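The block underneath contains the structure these notes are about, expressed in structure tokens.
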Amino acid sequence: LAYPQEITGALEEIDARVQQAQAVKDEAYDALARAAADGLDITPYKAAYDEADANVTALLEEYGAKSQEAVPALAEKTQEIASRPSGAGREL
């Protein structure tokens with residue numbers, strides 16, 4: 001079973017945003033690690049990392065919520081398939 005197209009499109013868009021946010025998070029982590037290694041005050045670097053991490057987490061939650069929107073449509077399609085007479089709709 002496939003997700004409805006409008007949900008698939010939205011998930012692809014969210015996924016692209018997750019990839020971008022993850023890249024920002026990785027950069028923030030690298031900056032934090034460099035600051036720590038250099039003995040700098042890591043407070044601003046940690047704040048930037050925490051913000052980037054929160055953004056990734058929020059986008060992943062958005063992705064999960066959007067994918068849950070497909071459940072009713074998938075359940076309906078599953079019920080439709082289950083209610084077919086045995087062998088109906090099968091290609092040989």
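Labels for the structure tokens follow display order: chains A, B, ..., residues from 1 in each chain, ligands from 1.
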Checklist line | Test item: residues at most 12 Å from Glu61 in chain A, only C-alpha atoms, excluding those fewer than 5 positions along its chain, as a list in words | finding: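 Close residues of Glu61 in chain A: Leu11, Ile14, Asp15, Val18, Ala54, Asn55, Val56, Lys66, Ser67 and Gln68 of chain A.
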Based on the selection just made, write C-alpha atoms of those residues as a compact mmCIF listing (two decimals), in the first residue's frame.
# COMPACT_ATOMS: atom_id res chain seq x y z
CA LEU A 11 6.80 13.93 3.78
CA ILE A 14 9.71 17.66 5.56
CA ASP A 15 12.50 15.14 4.93
CA VAL A 18 15.25 17.49 8.23
CA ALA A 54 15.52 21.06 19.02
CA ASN A 55 14.84 22.01 15.40
CA VAL A 56 15.71 18.52 14.17
CA LYS A 66 2.18 13.84 8.91
CA SER A 67 2.77 10.14 8.32
CA GLN A 68 0.03 9.36 10.85
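Of the residues listed (A:Tyr49, A:Leu40, A:Tyr63, A:Ala28), A:Tyr63 shows the shortest atom-to-atom separation from Thr8 in chain A; distances use only C-alpha atoms.
Relative to CA of Gln19 in chain A, CA of Ala73 in chain A is found at 27.2 Å.
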Check: Suppose you want the space between CA of Ala21 in chain A and CA of Thr57 in chain A; what is it in Å?
Finding: 9.5 Å
Item checked: In chain A, DSSP alpha helix (DSSP H) residues written as number ranges by chain -> A: 5-37, 43-68, 71-82
Notebook entry, point to check: Near Asp53 in chain A, within 12 Å and counting only C-alpha atoms, which residues show up once chain neighbours fewer than 4 positions away are dropped, as a count of residues only?
Noted result: 19
